[in-house]
file target-v7.tsv (TSV, C-alpha atoms)
chain	number	residue	atom	x	y	z
A	652	MET	CA	29.71	36.07	78.63
A	653	LYS	CA	27.95	38.55	80.90
A	654	TYR	CA	25.05	39.16	78.54
A	655	ILE	CA	24.11	35.45	78.77
A	656	ALA	CA	23.47	35.82	82.51
A	657	ILE	CA	21.09	38.72	81.79
A	658	TYR	CA	19.46	36.75	78.98
A	659	ASP	CA	18.91	33.73	81.25
A	660	TYR	CA	17.59	35.90	84.07
A	661	LEU	CA	14.97	37.56	81.86
A	662	ALA	CA	14.07	34.37	79.99
A	663	GLU	CA	13.42	32.52	83.28
A	664	ARG	CA	11.16	35.31	84.57
A	665	ILE	CA	9.05	35.40	81.40
A	666	GLY	CA	6.02	33.19	81.92
A	667	ARG	CA	6.70	32.82	85.65
A	668	GLU	CA	6.86	36.26	87.23
A	669	LEU	CA	6.28	38.30	84.08
A	670	SER	CA	3.17	37.87	81.96
A	671	ALA	CA	2.40	39.12	78.44
A	672	GLY	CA	2.25	42.91	78.46
A	673	ASP	CA	4.37	43.32	81.62
A	674	LYS	CA	7.28	45.73	81.46
A	675	ILE	CA	10.74	44.32	82.14
A	676	PRO	CA	13.27	46.08	84.39
A	677	SER	CA	14.87	49.15	82.83
A	678	GLU	CA	18.36	49.16	81.33
A	679	ARG	CA	19.59	51.14	84.32
A	680	GLU	CA	18.19	48.61	86.78
A	681	LEU	CA	19.73	45.70	84.88
A	682	CYS	CA	23.08	47.50	84.62
A	683	GLU	CA	23.14	47.99	88.39
A	684	LYS	CA	21.98	44.45	89.16
A	685	PHE	CA	24.61	42.76	86.98
A	686	ASN	CA	27.29	45.48	87.14
A	687	VAL	CA	27.57	45.68	83.35
A	688	SER	CA	27.41	48.33	80.65
A	689	ARG	CA	24.24	49.33	78.80
A	690	MET	CA	25.68	47.77	75.65
A	691	THR	CA	25.80	44.38	77.38
A	692	VAL	CA	22.21	44.76	78.62
A	693	ARG	CA	21.02	45.73	75.14
A	694	GLN	CA	22.73	42.69	73.64
A	695	ALA	CA	20.75	40.39	75.94
A	696	VAL	CA	17.47	42.25	75.40
A	697	ASP	CA	18.03	42.35	71.63
A	698	SER	CA	18.35	38.56	71.58
A	699	LEU	CA	15.01	38.16	73.37
A	700	VAL	CA	13.35	40.69	71.07
A	701	ASN	CA	14.67	38.84	68.00
A	702	GLU	CA	13.26	35.59	69.41
A	703	GLY	CA	9.84	37.20	69.83
A	704	LEU	CA	9.82	36.95	73.64
A	705	LEU	CA	10.07	40.71	74.19
A	706	VAL	CA	8.81	43.70	72.25
A	707	ARG	CA	9.98	47.30	72.35
A	708	GLN	CA	7.49	50.15	72.37
A	709	GLN	CA	9.01	53.46	71.42
A	710	GLY	CA	8.94	55.94	74.28
A	711	LYS	CA	7.43	53.39	76.67
A	712	GLY	CA	9.97	50.63	77.27
A	713	THR	CA	10.36	46.92	76.66
A	714	PHE	CA	7.56	44.48	77.42
A	715	VAL	CA	6.89	40.75	77.46
A	716	ALA	CA	5.44	39.90	74.04
A	717	HIS	CA	2.05	38.35	73.58
A	718	GLN	CA	2.10	34.87	72.10
A	719	LYS	CA	1.67	35.08	68.35
A	720	LEU	CA	-1.37	33.48	66.76
A	721	ASP	CA	-0.93	31.13	63.83
A	722	LEU	CA	-2.60	32.78	60.87
A	723	GLN	CA	-3.80	29.92	58.67
A	724	LEU	CA	-5.12	31.07	55.33
A	725	ARG	CA	-8.59	29.63	54.77
A	726	ILE	CA	-12.04	30.91	53.92
A	727	THR	CA	-13.27	31.72	57.39
A	728	SER	CA	-14.20	35.02	58.94
A	729	PHE	CA	-12.08	36.80	61.52
A	730	ALA	CA	-14.75	36.09	64.14
A	731	GLN	CA	-14.72	32.36	63.36
A	732	GLU	CA	-10.93	32.25	63.60
A	733	MET	CA	-10.88	33.96	66.98
A	734	ARG	CA	-13.66	31.78	68.41
A	735	MET	CA	-11.76	28.66	67.33
A	736	ARG	CA	-8.86	29.95	69.43
A	737	GLY	CA	-11.09	30.49	72.47
A	738	MET	CA	-11.02	34.27	72.11
A	739	VAL	CA	-13.92	36.73	72.03
A	740	PRO	CA	-14.11	38.69	68.75
A	741	SER	CA	-15.57	42.16	68.39
A	742	THR	CA	-15.67	44.83	65.69
A	743	ARG	CA	-15.77	48.60	65.38
A	744	VAL	CA	-17.08	49.88	62.05
A	745	LEU	CA	-14.90	52.79	60.91
A	746	MET	CA	-16.65	53.54	57.62
A	747	CYS	CA	-19.56	52.17	55.60
A	748	GLU	CA	-20.67	53.65	52.30
A	749	GLU	CA	-21.74	52.94	48.72
A	750	ARG	CA	-19.48	54.46	46.09
A	751	GLN	CA	-17.87	53.94	42.70
A	752	PRO	CA	-14.82	51.67	42.86
A	753	PRO	CA	-11.20	52.51	42.08
A	754	THR	CA	-9.90	50.88	38.91
A	755	MET	CA	-8.10	48.04	40.68
A	756	ILE	CA	-11.15	47.16	42.83
A	757	ALA	CA	-13.47	47.26	39.80
A	758	SER	CA	-11.19	44.92	37.86
A	759	SER	CA	-10.87	42.50	40.78
A	760	LEU	CA	-14.64	42.28	41.19
A	761	GLY	CA	-15.40	42.03	37.47
A	762	LEU	CA	-17.05	45.46	37.38
A	763	SER	CA	-16.77	48.63	35.38
A	764	GLU	CA	-15.84	51.88	37.10
A	765	SER	CA	-19.40	53.13	36.59
A	766	ASP	CA	-20.77	50.34	38.81
A	767	THR	CA	-21.06	50.84	42.55
A	768	VAL	CA	-19.59	48.92	45.46
A	769	TYR	CA	-19.96	48.86	49.21
A	770	LEU	CA	-16.88	49.86	51.18
A	771	ILE	CA	-16.82	48.67	54.80
A	772	LYS	CA	-13.82	49.54	56.96
A	773	ARG	CA	-13.57	47.71	60.28
A	774	LEU	CA	-11.25	47.49	63.27
A	775	ARG	CA	-11.17	43.89	64.50
A	776	PHE	CA	-10.55	42.94	68.14
A	777	ALA	CA	-9.86	39.70	70.04
A	778	ASP	CA	-10.44	39.75	73.80
A	779	GLY	CA	-10.59	43.54	73.55
A	780	ILE	CA	-7.17	43.85	71.86
A	781	PRO	CA	-7.03	45.48	68.39
A	782	MET	CA	-5.68	42.87	65.97
A	783	ALA	CA	-6.40	44.01	62.42
A	784	VAL	CA	-7.78	46.80	60.25
A	785	GLU	CA	-9.78	45.59	57.26
A	786	GLU	CA	-11.27	47.23	54.17
A	787	ALA	CA	-13.96	45.13	52.48
A	788	TRP	CA	-15.31	45.89	49.01
A	789	LEU	CA	-18.45	44.15	47.70
A	790	PRO	CA	-20.42	44.58	44.42
A	791	ALA	CA	-23.61	46.49	45.17
A	792	GLY	CA	-25.35	45.29	42.01
A	793	ILE	CA	-25.73	41.70	43.24
A	794	LEU	CA	-26.11	42.59	46.93
A	795	PRO	CA	-29.02	45.06	47.24
A	796	ASP	CA	-29.47	46.69	50.64
A	797	PHE	CA	-26.37	44.93	51.99
A	798	ILE	CA	-25.52	47.81	54.33
A	799	THR	CA	-29.09	48.96	55.01
A	800	PRO	CA	-29.91	49.84	57.74
A	801	ALA	CA	-26.43	48.79	58.92
A	802	PRO	CA	-23.64	46.51	57.67
A	803	PRO	CA	-24.03	42.86	58.71
A	804	ASP	CA	-22.14	41.56	61.72
A	805	GLY	CA	-20.63	38.84	59.53
A	806	ILE	CA	-19.99	39.44	55.83
A	807	TYR	CA	-19.38	35.76	55.01
A	808	ALA	CA	-22.53	34.69	56.87
A	809	GLU	CA	-24.63	37.29	55.04
A	810	LEU	CA	-23.23	36.23	51.67
A	811	GLN	CA	-24.16	32.64	52.47
A	812	ALA	CA	-27.67	33.69	53.51
A	813	ARG	CA	-28.06	35.36	50.10
A	814	GLY	CA	-27.04	32.24	48.19
A	815	LEU	CA	-23.50	33.45	47.47
A	816	THR	CA	-21.54	31.13	49.75
A	817	PRO	CA	-17.77	31.83	49.46
A	818	THR	CA	-16.18	28.70	47.99
A	819	TRP	CA	-12.60	29.71	47.24
A	820	GLY	CA	-10.29	32.68	47.04
A	821	GLU	CA	-6.78	33.95	46.46
A	822	ASP	CA	-4.48	35.89	48.77
A	823	ASN	CA	-1.47	38.14	48.27
A	824	ILE	CA	0.69	38.62	51.36
A	825	GLU	CA	3.31	41.28	52.09
A	826	SER	CA	5.13	42.59	55.11
A	827	VAL	CA	4.70	46.36	55.38
A	828	PRO	CA	5.29	48.92	58.17
A	829	LEU	CA	2.21	50.52	59.69
A	830	ASP	CA	1.69	54.21	59.01
A	831	ARG	CA	0.58	56.67	61.68
A	832	ARG	CA	-3.16	56.18	61.14
A	833	LEU	CA	-3.04	52.39	61.23
A	834	SER	CA	-0.61	52.27	64.14
A	835	GLN	CA	-2.93	54.48	66.19
A	836	LEU	CA	-5.89	52.22	65.45
A	837	LEU	CA	-3.89	49.10	66.37
A	838	ASP	CA	-2.25	50.72	69.42
A	839	VAL	CA	1.34	50.08	68.32
A	840	SER	CA	4.31	52.25	67.37
A	841	VAL	CA	4.55	53.85	63.95
A	842	GLY	CA	6.54	51.58	61.62
A	843	THR	CA	5.60	48.34	63.42
A	844	PRO	CA	5.60	45.49	60.85
A	845	SER	CA	2.24	44.19	59.71
A	846	LEU	CA	1.01	41.37	57.54
A	847	LEU	CA	-0.82	42.96	54.63
A	848	ILE	CA	-3.21	40.39	53.17
A	849	THR	CA	-5.13	41.23	50.03
A	850	ARG	CA	-7.89	38.69	49.36
A	851	ARG	CA	-10.32	38.10	46.51
A	852	THR	CA	-13.14	35.70	47.39
A	853	PHE	CA	-15.41	33.87	44.97
A	854	ALA	CA	-18.79	32.18	45.14
A	855	GLU	CA	-18.09	29.53	42.50
A	856	GLU	CA	-17.07	31.74	39.55
A	857	VAL	CA	-18.47	35.04	40.80
A	858	PRO	CA	-16.11	37.43	42.65
A	859	VAL	CA	-18.11	38.63	45.66
A	860	PHE	CA	-15.63	40.08	48.10
A	861	PHE	CA	-12.32	41.94	47.90
A	862	SER	CA	-10.52	42.80	51.12
A	863	VAL	CA	-7.35	44.56	52.20
A	864	ALA	CA	-6.36	43.78	55.79
A	865	HIS	CA	-3.43	44.81	57.98
A	866	TYR	CA	-2.73	42.29	60.75
A	867	ARG	CA	-0.44	43.21	63.62
A	868	GLY	CA	2.94	41.62	62.96
A	869	ASP	CA	3.65	41.37	66.68
A	870	ARG	CA	0.55	39.21	67.21
A	871	TYR	CA	0.59	36.91	64.17
A	872	LYS	CA	2.82	34.43	62.46
A	873	LEU	CA	1.88	32.81	59.18
A	874	TRP	CA	1.24	29.06	59.20
A	875	VAL	CA	1.18	27.43	55.77
A	876	PRO	CA	0.72	23.69	55.12
A	877	ILE	CA	2.83	22.40	52.25
A	878	SER	CA	2.55	19.40	49.93
A	879	GLN	CA	3.81	18.11	46.62
A	880	PRO	CA	3.32	20.76	43.90
A	881	LEU	CA	0.05	20.66	42.02
A	882	ALA	CA	-0.94	22.52	38.90
A	883	VAL	CA	-2.79	25.67	39.90
A	884	VAL	CA	-4.95	27.30	37.28
A	885	ARG	CA	-5.60	30.96	37.90
A	886	PRO	CA	-9.09	32.11	36.96
A	887	ASN	CA	-9.57	34.42	34.02
A	888	ARG	CA	-9.49	37.90	35.56
A	889	THR	CA	-12.49	38.90	33.47
A	890	ARG	CA	-14.72	36.08	34.71
A	891	GLY	CA	-17.62	37.43	36.62
A	892	ASN	CA	-17.67	40.61	34.52
A	893	ARG	CA	-21.24	41.19	33.55
A	894	GLY	CA	-20.31	43.21	30.48
A	895	LYS	CA	-21.08	46.61	31.99

call {"tool": "encode", "arguments": {"input": "target-v7.tsv", "output": "structure tokens"}}
result
Amino acid sequence: MKYIAIYDYLAERIGRELSAGDKIPSERELCEKFNVSRMTVRQAVDSLVNEGLLVRQQGKGTFVAHQKLDLQLRITSFAQEMRMRGMVPSTRVLMCEERQPPTMIASSLGLSESDTVYLIKRLRFADGIPMAVEEAWLPAGILPDFITPAPPDGIYAELQARGLTPTWGEDNIESVPLDRRLSQLLDVSVGTPSLLITRRTFAEEVPVFFSVAHYRGDRYKLWVPISQPLAVVRPNRTRGNRGK
């Protein structure tokens, strides 16, 4: 089949002549080179896109995909994860304020809606590339002056310094398309898939951290170790509520 010749040609160039982020030849160029129709070219390119070797960017073209990072779910900070991969992490704070929590956040942190929380929104980078947008919610009542004069560089490290070392947590994971605001922050096309990870983190029995993070789906794949099933006991959702 003619599309296989195009597939092989592009696959051989990836990693040799073409590096991550490089644009591949246009459909017109490939049609002329192989004397085939655009439908045949698209069939070959579609196969490489489906395999994660190429990525399309609307209005820009088709590019060699960056290698996806294994996202292993564990209680480590984004910065720690990136450093373990030999990458340089950085952060841009998008918002930082003290406010009353929405109902869902209050319930997750064992608070009443009359309590206050810190909301810290951050854009996370690795080697200068935007990788994730994160909203972090923390109970202000047990963390005085947490964002004064500025939010800490590392939330987990600051919690540990205050005697509230994160010991365990629970994640909910979904695949959702990025809206216009998030796609602009992450420098991808609107509708690009993302991994939405909602995490509640505990210091022993006290909920200390609730986060909502969108990770770029084109840069991450989820790695999950498996074992024989064990009984998992969910904590009482009201634990940590101080009766306010």

call {"tool": "residues_around", "arguments": {"input": "target-v7.tsv", "residues": "range 828-834 of chain A", "least_positions_apart": "4", "cutoff": "10 Å", "atoms": "all atoms listed in the file", "output": "ChimeraX atom specification"}}
result
/A:774,783-784,838-847,865-868

call {"tool": "write_last_selection", "arguments": {"input": "target-v7.tsv", "atoms": "C-alpha atoms", "output": "mmCIF file, keeping the file's coordinate frame"}}
result
data_model
loop_
_atom_site.group_PDB
_atom_site.id
_atom_site.type_symbol
_atom_site.label_atom_id
_atom_site.label_comp_id
_atom_site.auth_asym_id
_atom_site.auth_seq_id
_atom_site.Cartn_x
_atom_site.Cartn_y
_atom_site.Cartn_z
ATOM 1 C CA LEU A 774 -11.250 47.490 63.270
ATOM 2 C CA ALA A 783 -6.400 44.010 62.420
ATOM 3 C CA VAL A 784 -7.780 46.800 60.250
ATOM 4 C CA ASP A 838 -2.250 50.720 69.420
ATOM 5 C CA VAL A 839 1.340 50.080 68.320
ATOM 6 C CA SER A 840 4.310 52.250 67.370
ATOM 7 C CA VAL A 841 4.550 53.850 63.950
ATOM 8 C CA GLY A 842 6.540 51.580 61.620
ATOM 9 C CA THR A 843 5.600 48.340 63.420
ATOM 10 C CA PRO A 844 5.600 45.490 60.850
ATOM 11 C CA SER A 845 2.240 44.190 59.710
ATOM 12 C CA LEU A 846 1.010 41.370 57.540
ATOM 13 C CA LEU A 847 -0.820 42.960 54.630
ATOM 14 C CA HIS A 865 -3.430 44.810 57.980
ATOM 15 C CA TYR A 866 -2.730 42.290 60.750
ATOM 16 C CA ARG A 867 -0.440 43.210 63.620
ATOM 17 C CA GLY A 868 2.940 41.620 62.960
#

call {"tool": "atom_distance", "arguments": {"input": "target-v7.tsv", "atom1": "CA of Ser765 in chain A", "atom2": "CA of Pro802 in chain A"}}
result
22.5 Å

call {"tool": "atom_distance", "arguments": {"input": "target-v7.tsv", "atom1": "CA of Tyr807 in chain A", "atom2": "CA of Trp788 in chain A"}}
result
12.5 Å

call {"tool": "closest_residue", "arguments": {"input": "target-v7.tsv", "among": "A:Leu669, A:Ile657, A:Leu770, A:Ala787", "to": "Arg689 in chain A", "atoms": "all atoms listed in the file"}}
result
A:Ile657

call {"tool": "residues_around", "arguments": {"input": "target-v7.tsv", "residues": "Phe797 in chain A", "least_positions_apart": "3", "cutoff": "12 Å", "atoms": "all atoms listed in the file", "output": "PDB file with C-alpha atoms, in the coordinates of the input"}}
result
ATOM      1  CA  CYS A 747     -19.560  52.170  55.600  1.00  0.00           C
ATOM      2  CA  GLU A 748     -20.670  53.650  52.300  1.00  0.00           C
ATOM      3  CA  GLU A 749     -21.740  52.940  48.720  1.00  0.00           C
ATOM      4  CA  VAL A 768     -19.590  48.920  45.460  1.00  0.00           C
ATOM      5  CA  TYR A 769     -19.960  48.860  49.210  1.00  0.00           C
ATOM      6  CA  LEU A 770     -16.880  49.860  51.180  1.00  0.00           C
ATOM      7  CA  ILE A 771     -16.820  48.670  54.800  1.00  0.00           C
ATOM      8  CA  TRP A 788     -15.310  45.890  49.010  1.00  0.00           C
ATOM      9  CA  LEU A 789     -18.450  44.150  47.700  1.00  0.00           C
ATOM     10  CA  PRO A 790     -20.420  44.580  44.420  1.00  0.00           C
ATOM     11  CA  ALA A 791     -23.610  46.490  45.170  1.00  0.00           C
ATOM     12  CA  GLY A 792     -25.350  45.290  42.010  1.00  0.00           C
ATOM     13  CA  ILE A 793     -25.730  41.700  43.240  1.00  0.00           C
ATOM     14  CA  LEU A 794     -26.110  42.590  46.930  1.00  0.00           C
ATOM     15  CA  PRO A 800     -29.910  49.840  57.740  1.00  0.00           C
ATOM     16  CA  ALA A 801     -26.430  48.790  58.920  1.00  0.00           C
ATOM     17  CA  PRO A 802     -23.640  46.510  57.670  1.00  0.00           C
ATOM     18  CA  PRO A 803     -24.030  42.860  58.710  1.00  0.00           C
ATOM     19  CA  ASP A 804     -22.140  41.560  61.720  1.00  0.00           C
ATOM     20  CA  GLY A 805     -20.630  38.840  59.530  1.00  0.00           C
ATOM     21  CA  ILE A 806     -19.990  39.440  55.830  1.00  0.00           C
ATOM     22  CA  TYR A 807     -19.380  35.760  55.010  1.00  0.00           C
ATOM     23  CA  ALA A 808     -22.530  34.690  56.870  1.00  0.00           C
ATOM     24  CA  GLU A 809     -24.630  37.290  55.040  1.00  0.00           C
ATOM     25  CA  LEU A 810     -23.230  36.230  51.670  1.00  0.00           C
ATOM     26  CA  ALA A 812     -27.670  33.690  53.510  1.00  0.00           C
ATOM     27  CA  ARG A 813     -28.060  35.360  50.100  1.00  0.00           C
TER      28      ARG A 813
END

call {"tool": "residues_around", "arguments": {"input": "target-v7.tsv", "residues": "Gly779 in chain A", "least_positions_apart": "5", "cutoff": "12 Å", "atoms": "only C-alpha atoms", "output": "ChimeraX atom specification"}}
result
/A:733,738-743,774,837-838
